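S.K.: Pasting upload15.pdb here (PDB, C-alpha atoms):
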ATOM      1  CA  MET V 254     -75.110  44.435 -54.827
ATOM      2  CA  GLU V 255     -78.031  42.090 -54.496
ATOM      3  CA  SER V 256     -80.415  42.023 -51.590
ATOM      4  CA  GLN V 257     -81.717  38.788 -50.117
ATOM      5  CA  THR V 258     -85.319  37.929 -50.991
ATOM      6  CA  ARG V 259     -88.164  39.355 -48.925
ATOM      7  CA  GLY V 260     -91.937  38.664 -48.725
ATOM      8  CA  GLY V 261     -94.599  40.952 -50.228
ATOM      9  CA  THR V 262     -95.384  44.426 -48.933
ATOM     10  CA  ARG V 263     -97.929  44.488 -46.086
ATOM     11  CA  TRP V 264    -100.361  47.288 -45.296
ATOM     12  CA  ARG V 265     -99.599  47.185 -41.568
ATOM     13  CA  ARG V 266     -95.932  47.880 -42.322
ATOM     14  CA  PHE V 267     -96.578  50.955 -44.450
ATOM     15  CA  ALA V 268     -95.157  54.174 -43.033
ATOM     16  CA  VAL V 269     -93.463  57.382 -44.176
ATOM     17  CA  VAL V 270     -89.867  58.326 -44.859
ATOM     18  CA  MET V 271     -88.525  61.812 -45.034
ATOM     19  CA  VAL V 272     -85.056  62.463 -46.414
ATOM     20  CA  PRO V 273     -83.888  65.621 -48.192
ATOM     21  CA  SER V 274     -83.642  65.104 -51.930
ATOM     22  CA  VAL V 275     -80.056  66.389 -52.044
ATOM     23  CA  ALA V 276     -78.882  63.910 -49.432
ATOM     24  CA  ALA V 277     -80.803  61.079 -51.064
ATOM     25  CA  THR V 278     -79.212  61.824 -54.433
ATOM     26  CA  ALA V 279     -75.753  61.897 -52.870
ATOM     27  CA  ALA V 280     -76.292  58.574 -51.130
ATOM     28  CA  ILE V 281     -77.477  56.820 -54.270
ATOM     29  CA  GLY V 282     -74.665  58.338 -56.320
ATOM     30  CA  VAL V 283     -71.961  56.527 -54.330
ATOM     31  CA  ALA V 284     -71.375  52.790 -53.929
ATOM     32  CA  VAL V 285     -74.744  51.421 -52.801
ATOM     33  CA  ALA V 286     -75.198  49.159 -49.805
ATOM     34  CA  GLN V 287     -77.383  46.159 -49.183
ATOM     35  CA  GLY V 288     -80.709  47.479 -47.834
ATOM     36  CA  ALA V 289     -81.612  47.436 -44.162
ATOM     37  CA  LEU V 290     -84.700  45.435 -45.074
ATOM     38  CA  ALA V 291     -82.756  42.787 -46.974
ATOM     39  CA  ALA V 292     -83.337  40.023 -44.447
ATOM     40  CA  SER V 293     -87.016  40.793 -43.891
ATOM     41  CA  PHE V 294     -88.969  40.167 -47.116
ATOM     42  CA  SER V 295     -88.693  40.235 -50.910
ATOM     43  CA  VAL V 296     -89.712  43.470 -52.591
ATOM     44  CA  SER V 297     -92.741  43.055 -54.837
ATOM     45  CA  GLY V 298     -91.775  45.657 -57.421
ATOM     46  CA  GLN V 299     -95.015  47.586 -56.762
ATOM     47  CA  GLN V 300     -94.200  51.178 -55.832
ATOM     48  CA  PHE V 301     -96.502  53.013 -53.419
ATOM     49  CA  GLN V 302     -97.158  56.636 -52.415
ATOM     50  CA  VAL V 303     -97.021  57.935 -48.845
ATOM     51  CA  THR V 304     -97.967  61.439 -47.685
ATOM     52  CA  ALA V 305     -98.020  63.063 -44.253
ATOM     53  CA  GLY V 306     -98.707  66.467 -42.728
ATOM     54  CA  LYS V 307     -95.909  66.312 -40.160
ATOM     55  CA  LEU V 308     -93.327  63.824 -38.934
ATOM     56  CA  HIS V 309     -91.054  64.166 -35.908
ATOM     57  CA  GLY V 310     -88.320  61.560 -35.630
ATOM     58  CA  THR V 311     -85.735  60.865 -32.945
ATOM     59  CA  GLY V 312     -82.568  59.033 -33.989
ATOM     60  CA  PHE V 313     -82.177  59.286 -37.776
ATOM     61  CA  VAL V 314     -79.789  57.573 -40.212
ATOM     62  CA  GLN V 315     -79.776  57.334 -44.021
ATOM     63  CA  TYR V 316     -77.575  55.586 -46.580
ATOM     64  CA  GLY V 317     -77.648  54.251 -50.144
ATOM     65  CA  ALA V 318     -78.923  50.820 -51.124
ATOM     66  CA  MET V 319     -80.024  48.683 -54.047
ATOM     67  CA  ASP V 320     -83.276  46.711 -53.768
ATOM     68  CA  GLN V 321     -83.834  43.664 -55.957
ATOM     69  CA  THR V 322     -87.489  43.630 -57.017
ATOM     70  CA  LYS V 323     -89.529  41.611 -59.507
ATOM     71  CA  ALA V 324     -89.222  44.626 -61.801
ATOM     72  CA  GLY V 325     -85.411  44.636 -61.510
ATOM     73  CA  ALA V 326     -82.827  46.396 -59.350
ATOM     74  CA  LYS V 327     -83.953  49.704 -57.803
ATOM     75  CA  PRO V 328     -81.593  52.269 -56.228
ATOM     76  CA  VAL V 329     -83.070  53.592 -52.977
ATOM     77  CA  ALA V 330     -82.299  55.757 -49.967
ATOM     78  CA  VAL V 331     -82.654  53.559 -46.881
ATOM     79  CA  VAL V 332     -83.773  55.563 -43.849
ATOM     80  CA  GLY V 333     -83.827  54.362 -40.252
ATOM     81  CA  ILE V 334     -85.640  56.202 -37.440
ATOM     82  CA  ASP V 335     -85.623  55.056 -33.799
ATOM     83  CA  THR V 336     -89.000  56.602 -32.946
ATOM     84  CA  ALA V 337     -91.382  58.560 -35.189
ATOM     85  CA  GLU V 338     -94.605  60.505 -34.614
ATOM     86  CA  ILE V 339     -96.691  61.191 -37.742
ATOM     87  CA  ASN V 340     -99.797  63.301 -38.393
ATOM     88  CA  ASN V 341    -102.284  62.788 -41.246
ATOM     89  CA  LEU V 342    -100.711  59.708 -42.762
ATOM     90  CA  CYS V 343    -101.991  58.496 -46.128
ATOM     91  CA  GLN V 344    -100.724  55.651 -48.258
ATOM     92  CA  ALA V 345    -101.914  54.579 -51.702
ATOM     93  CA  VAL V 346    -100.939  51.846 -54.119
ATOM     94  CA  THR V 347    -102.502  51.288 -57.548
ATOM     95  CA  ILE V 348    -102.448  47.730 -58.889
ATOM     96  CA  PRO V 349    -103.148  46.960 -62.574
ATOM     97  CA  ILE V 350    -105.355  43.956 -63.376
ATOM     98  CA  PRO V 351    -104.179  42.721 -66.810
ATOM     99  CA  VAL V 352    -107.055  40.284 -67.384
ATOM    100  CA  ILE V 353    -109.721  42.988 -67.410
ATOM    101  CA  GLY V 354    -107.515  45.953 -68.270
ATOM    102  CA  LYS V 355    -108.439  47.977 -65.180
ATOM    103  CA  GLU V 356    -106.686  49.308 -62.082
ATOM    104  CA  VAL V 357    -107.539  48.990 -58.404
ATOM    105  CA  THR V 358    -106.316  51.413 -55.739
ATOM    106  CA  MET V 359    -105.872  50.493 -52.084
ATOM    107  CA  LYS V 360    -105.647  53.512 -49.797
ATOM    108  CA  LEU V 361    -104.818  53.667 -46.085
ATOM    109  CA  GLU V 362    -105.387  56.712 -43.870
ATOM    110  CA  ALA V 363    -104.610  57.199 -40.150
ATOM    111  CA  GLY V 364    -103.477  59.720 -37.574
ATOM    112  CA  GLY V 365    -106.050  62.471 -37.889
ATOM    113  CA  ASP V 366    -106.829  63.456 -34.288
ATOM    114  CA  LYS V 367    -104.142  61.211 -32.775
ATOM    115  CA  GLN V 368    -100.595  60.656 -34.003
ATOM    116  CA  VAL V 369     -99.363  57.558 -35.772
ATOM    117  CA  THR V 370     -96.305  56.190 -33.949
ATOM    118  CA  ALA V 371     -93.543  53.848 -35.097
ATOM    119  CA  LYS V 372     -90.433  52.380 -33.491
ATOM    120  CA  GLY V 373     -87.470  50.861 -35.311
ATOM    121  CA  LEU V 374     -88.738  52.255 -38.612
ATOM    122  CA  TYR V 375     -86.954  51.448 -41.903
ATOM    123  CA  ILE V 376     -88.015  52.472 -45.384
ATOM    124  CA  ASP V 377     -86.551  52.145 -48.888
ATOM    125  CA  ALA V 378     -87.522  55.329 -50.753
ATOM    126  CA  GLU V 379     -86.992  56.392 -54.355
ATOM    127  CA  ASP V 380     -88.373  59.927 -54.422
ATOM    128  CA  MET V 381     -89.455  62.437 -51.778
ATOM    129  CA  LYS V 382     -90.636  66.035 -51.409
ATOM    130  CA  ALA V 383     -90.928  67.824 -48.054
ATOM    131  CA  ASN V 384     -89.807  70.723 -45.881
ATOM    132  CA  ALA V 385     -87.073  69.404 -43.571
ATOM    133  CA  THR V 386     -85.253  70.455 -40.387
ATOM    134  CA  PHE V 387     -82.417  68.500 -38.763
ATOM    135  CA  ARG V 388     -80.871  68.810 -35.285
ATOM    136  CA  ASN V 389     -77.186  67.898 -34.894
ATOM    137  CA  VAL V 390     -76.850  66.486 -38.414
ATOM    138  CA  ASP V 391     -73.712  64.753 -39.743
ATOM    139  CA  ILE V 392     -73.594  64.501 -43.550
ATOM    140  CA  GLY V 393     -70.941  62.339 -45.206
ATOM    141  CA  VAL V 394     -70.146  60.189 -42.176
ATOM    142  CA  SER V 395     -68.893  56.669 -42.888
ATOM    143  CA  VAL V 396     -71.754  54.196 -42.642
ATOM    144  CA  ASP V 397     -69.593  52.111 -40.279
ATOM    145  CA  ASN V 398     -69.350  54.994 -37.809
ATOM    146  CA  THR V 399     -73.003  56.002 -37.560
ATOM    147  CA  THR V 400     -74.213  56.188 -33.951
ATOM    148  CA  LYS V 401     -77.687  57.692 -34.366
ATOM    149  CA  GLY V 402     -80.798  55.868 -35.498
ATOM    150  CA  PRO V 403     -81.347  52.105 -35.971
ATOM    151  CA  GLY V 404     -78.856  52.026 -38.823
ATOM    152  CA  PRO V 405     -76.127  49.719 -40.137
ATOM    153  CA  ALA V 406     -73.829  50.362 -37.160
ATOM    154  CA  GLY V 407     -76.385  48.622 -34.940
ATOM    155  CA  ALA V 408     -77.784  46.279 -37.567
ATOM    156  CA  GLY V 409     -76.760  43.146 -35.708
ATOM    157  CA  LYS V 410     -79.073  43.845 -32.789
ATOM    158  CA  ASN V 411     -82.039  44.271 -35.153
ATOM    159  CA  GLY V 412     -81.212  41.403 -37.486
ATOM    160  CA  GLU V 413     -81.047  43.740 -40.465
ATOM    161  CA  GLY V 414     -78.890  43.571 -43.585
ATOM    162  CA  ALA V 415     -75.228  44.228 -44.312
ATOM    163  CA  HIS V 416     -73.651  47.366 -45.789
ATOM    164  CA  VAL V 417     -70.675  48.416 -47.896
ATOM    165  CA  ALA V 418     -67.802  49.304 -45.565
ATOM    166  CA  GLY V 419     -66.897  52.987 -45.600
ATOM    167  CA  SER V 420     -69.796  54.112 -47.821
ATOM    168  CA  PHE V 421     -71.726  57.385 -47.477
ATOM    169  CA  ALA V 422     -74.271  57.980 -44.731
ATOM    170  CA  GLN V 423     -75.893  60.834 -42.850
ATOM    171  CA  GLN V 424     -77.353  60.949 -39.359
ATOM    172  CA  ALA V 425     -79.093  63.351 -36.966
ATOM    173  CA  ASP V 426     -80.388  63.463 -33.392
ATOM    174  CA  GLU V 427     -83.829  64.679 -34.506
ATOM    175  CA  VAL V 428     -85.699  65.408 -37.740
ATOM    176  CA  TRP V 429     -88.872  67.354 -38.563
ATOM    177  CA  PHE V 430     -90.646  67.043 -41.930
ATOM    178  CA  ASP V 431     -93.729  68.935 -43.143
ATOM    179  CA  SER V 432     -95.981  68.386 -46.192
ATOM    180  CA  VAL V 433     -94.402  65.079 -47.186
ATOM    181  CA  ASP V 434     -94.972  63.345 -50.536
ATOM    182  CA  GLN V 435     -92.855  60.294 -51.291
ATOM    183  CA  LYS V 436     -92.576  57.181 -53.449
ATOM    184  CA  ALA V 437     -91.219  54.022 -51.839
ATOM    185  CA  TRP V 438     -90.634  50.322 -52.494
ATOM    186  CA  ALA V 439     -90.656  48.861 -48.975
ATOM    187  CA  THR V 440     -91.134  49.696 -45.278
ATOM    188  CA  SER V 441     -90.680  47.845 -42.006
ATOM    189  CA  ALA V 442     -91.070  48.735 -38.314
ATOM    190  CA  GLY V 443     -90.670  47.012 -34.972
ATOM    191  CA  THR V 444     -93.992  48.460 -33.800
ATOM    192  CA  PHE V 445     -96.463  50.568 -35.790
ATOM    193  CA  THR V 446     -99.542  52.118 -34.137
ATOM    194  CA  LEU V 447    -102.282  53.493 -36.426
ATOM    195  CA  PRO V 448    -105.095  55.275 -34.526
ATOM    196  CA  GLY V 449    -108.248  55.925 -36.551
ATOM    197  CA  LEU V 450    -107.151  53.522 -39.279
ATOM    198  CA  HIS V 451    -109.270  53.451 -42.431
ATOM    199  CA  MET V 452    -108.468  51.391 -45.518
ATOM    200  CA  GLY V 453    -110.507  51.489 -48.699
ATOM    201  CA  VAL V 454    -110.369  49.777 -52.098
ATOM    202  CA  SER V 455    -111.707  51.408 -55.262
ATOM    203  CA  TRP V 456    -111.586  51.070 -59.049
ATOM    204  CA  GLY V 457    -109.183  53.312 -60.927
ATOM    205  CA  LYS V 458    -106.143  55.317 -59.851
ATOM    206  CA  SER V 459    -106.439  57.459 -56.729
ATOM    207  CA  GLU V 460    -103.547  59.291 -55.092
ATOM    208  CA  CYS V 461    -103.115  60.764 -51.605
ATOM    209  CA  LYS V 462    -103.390  64.537 -51.307
ATOM    210  CA  VAL V 463    -100.382  66.189 -49.661
ATOM    211  CA  PRO V 464    -101.388  67.788 -46.316
ATOM    212  CA  GLN V 465     -99.984  71.268 -45.713
ATOM    213  CA  GLY V 466     -98.203  70.947 -42.393
TER     214      GLY V 466
END
Kindly present the structure from the file in structure tokens form.

M.R.:
Amino acid sequence: MESQTRGGTRWRRFAVVMVPSVAATAAIGVAVAQGALAASFSVSGQQFQVTAGKLHGTGFVQYGAMDQTKAGAKPVAVVGIDTAEINNLCQAVTIPIPVIGKEVTMKLEAGGDKQVTAKGLYIDAEDMKANATFRNVDIGVSVDNTTKGPGPAGAGKNGEGAHVAGSFAQQADEVWFDSVDQKAWATSAGTFTLPGLHMGVSWGKSECKVPQG
């Protein structure tokens, strides 16, 4: 199913998603939905890395989706979190420059002494590694009946995209993730606060190191 077009990825919208790999695989393996970000901007087709030491989220929902990017259709796990607190956030994207045959890496870091916070957070993720804990989790709930998180059941109030009726979803009251390393295609948030923000640009490929807790 095709997503509507969306504008390019923005640094201020970068964040982190944490979803267990088993659940993500299950969601993508069923009929995929139109992404929660479908009405927001077109996906550039440039994948980026996000790492974090810890994330605590309140109100969590996750379901399958298919993003249409310039590089073609990409199956993703769309995650929605009502409120998130993140420590030691790092984000990196490496962009090839065909004319000169080199690469440039843009890296963002925030939330060292103070936590990064986000509200109404959505992210389209392709791969993720972390240690995860859920409170009051429902796995296999119909996407139409989700009541936790800013997910498809409440999409109208947020102006987000549609979904496939009756498809797979999971939800939880709270989530905790440690030592997160993920690859994503797009992120959006209602508000995103980045204390101690530092962004740097350098030649060559440079990845974020995964914080331990």

S.K.: If the PyMOL selection byres ((chain V and resi 450) around 8) is run on the structure shown, which residues does it catch, given as a PyMOL selection string?

M.R.: chain V and resi 361-364+447-449+451-452

S.K.: Identify which of the residues V:Thr304, V:Thr311, V:Leu342, V:Ala378 lies closest to Asp366 (chain V), counting only C-alpha atoms when measuring atom-to-atom distances.

M.R.: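 Going through V:Thr304, V:Thr311, V:Leu342, V:Ala378 one by one, the smallest distance to Asp366 (chain V) is for V:Leu342.
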
S.K.: Enumerate, as a list in words, the protein, DNA and RNA residues whose atoms approach (-81.5, 59.0, -42.3) to within 9 Å, taking into account all atoms listed in the file and the coordinate frame of the file.

M.R.: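 Every residue inside that radius is included here: Val270, Met271, Val272, Gly312, Phe313, Val314, Gln315, Tyr316, Ala330, Val331, Val332, Gly333, Ile334, Lys401, Gly402, Gly404, Ala422, Gln423, Gln424, Ala425 and Val428 of chain V.
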
S.K.: Store the residues of this selection in a file with C-alpha atoms, as an mmCIF file, in the frame of the given file.

M.R.:
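selection-v3.cif, written as the output of this step:
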data_model
loop_
_atom_site.group_PDB
_atom_site.id
_atom_site.type_symbol
_atom_site.label_atom_id
_atom_site.label_comp_id
_atom_site.auth_asym_id
_atom_site.auth_seq_id
_atom_site.Cartn_x
_atom_site.Cartn_y
_atom_site.Cartn_z
ATOM 1 C CA VAL V 270 -89.867 58.326 -44.859
ATOM 2 C CA MET V 271 -88.525 61.812 -45.034
ATOM 3 C CA VAL V 272 -85.056 62.463 -46.414
ATOM 4 C CA GLY V 312 -82.568 59.033 -33.989
ATOM 5 C CA PHE V 313 -82.177 59.286 -37.776
ATOM 6 C CA VAL V 314 -79.789 57.573 -40.212
ATOM 7 C CA GLN V 315 -79.776 57.334 -44.021
ATOM 8 C CA TYR V 316 -77.575 55.586 -46.580
ATOM 9 C CA ALA V 330 -82.299 55.757 -49.967
ATOM 10 C CA VAL V 331 -82.654 53.559 -46.881
ATOM 11 C CA VAL V 332 -83.773 55.563 -43.849
ATOM 12 C CA GLY V 333 -83.827 54.362 -40.252
ATOM 13 C CA ILE V 334 -85.640 56.202 -37.440
ATOM 14 C CA LYS V 401 -77.687 57.692 -34.366
ATOM 15 C CA GLY V 402 -80.798 55.868 -35.498
ATOM 16 C CA GLY V 404 -78.856 52.026 -38.823
ATOM 17 C CA ALA V 422 -74.271 57.980 -44.731
ATOM 18 C CA GLN V 423 -75.893 60.834 -42.850
ATOM 19 C CA GLN V 424 -77.353 60.949 -39.359
ATOM 20 C CA ALA V 425 -79.093 63.351 -36.966
ATOM 21 C CA VAL V 428 -85.699 65.408 -37.740
#

S.K.: Convert the output of the PyMOL selection byres ((chain V and resi 463) around 12) on the shown file into explicit residues, formatted as a list of chain:residue names.

M.R.: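 Going through the file, the PyMOL selection byres ((chain V and resi 463) around 12) ends up selecting V:Gln302, V:Val303, V:Thr304, V:Ala305, V:Gly306, V:Lys307, V:Asn340, V:Asn341, V:Leu342, V:Cys343, V:Gln344, V:Ala345, V:Met381, V:Lys382, V:Ala383, V:Asp431, V:Ser432, V:Val433, V:Asp434, V:Gln435, V:Glu460, V:Cys461, V:Lys462, V:Pro464, V:Gln465, V:Gly466.
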
S.K.: Residues proximal to (-67.9, 57.4, -39.3) were defined as those with any atom within 10 Å of that point in the file's coordinates, counting all atoms listed in the file. Which are they, as a PDB file with C-alpha atoms, in the coordinates of the input?

M.R.:
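Saved file part30.pdb follows:
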ATOM      1  CA  ASP V 391     -73.712  64.753 -39.743  1.00  0.00           C
ATOM      2  CA  GLY V 393     -70.941  62.339 -45.206  1.00  0.00           C
ATOM      3  CA  VAL V 394     -70.146  60.189 -42.176  1.00  0.00           C
ATOM      4  CA  SER V 395     -68.893  56.669 -42.888  1.00  0.00           C
ATOM      5  CA  VAL V 396     -71.754  54.196 -42.642  1.00  0.00           C
ATOM      6  CA  ASP V 397     -69.593  52.111 -40.279  1.00  0.00           C
ATOM      7  CA  ASN V 398     -69.350  54.994 -37.809  1.00  0.00           C
ATOM      8  CA  THR V 399     -73.003  56.002 -37.560  1.00  0.00           C
ATOM      9  CA  THR V 400     -74.213  56.188 -33.951  1.00  0.00           C
ATOM     10  CA  ALA V 406     -73.829  50.362 -37.160  1.00  0.00           C
ATOM     11  CA  GLY V 419     -66.897  52.987 -45.600  1.00  0.00           C
ATOM     12  CA  SER V 420     -69.796  54.112 -47.821  1.00  0.00           C
ATOM     13  CA  PHE V 421     -71.726  57.385 -47.477  1.00  0.00           C
ATOM     14  CA  ALA V 422     -74.271  57.980 -44.731  1.00  0.00           C
ATOM     15  CA  GLN V 423     -75.893  60.834 -42.850  1.00  0.00           C
TER      16      GLN V 423
END

S.K.: Work out how far CA of Val454 (chain V) is from CA of Met359 (chain V), in Å to one decimal.

M.R.: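 Value for the CA of Met359 (chain V)-CA of Val454 (chain V) distance: 4.6 Å.
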
S.K.: I need the residue set behind the PyMOL selection byres ((chain V and resi 446) around 8) for this file; please write it as a ChimeraX atom specification.

M.R.: /V:369-371,444-445,447-448

S.K.: What is the CA of Ser459 (chain V)-CA of Ala318 (chain V) distance in Å, reported with one decimal?

M.R.: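 A separation of 28.9 Å between them.
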
S.K.: Name the closest residue to Gly453 (chain V) among the candidates V:Thr347, V:Asn389, V:Gln368, V:Asn384; distances are taken between atoms, counting all atoms listed in the file.

M.R.: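 Residue with the minimum atom-to-atom distance to Gly453 (chain V): V:Thr347.
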
S.K.: Work out how far CA of Ile348 (chain V) is from CA of Gly443 (chain V), in Å to one decimal.

M.R.: 26.7 Å
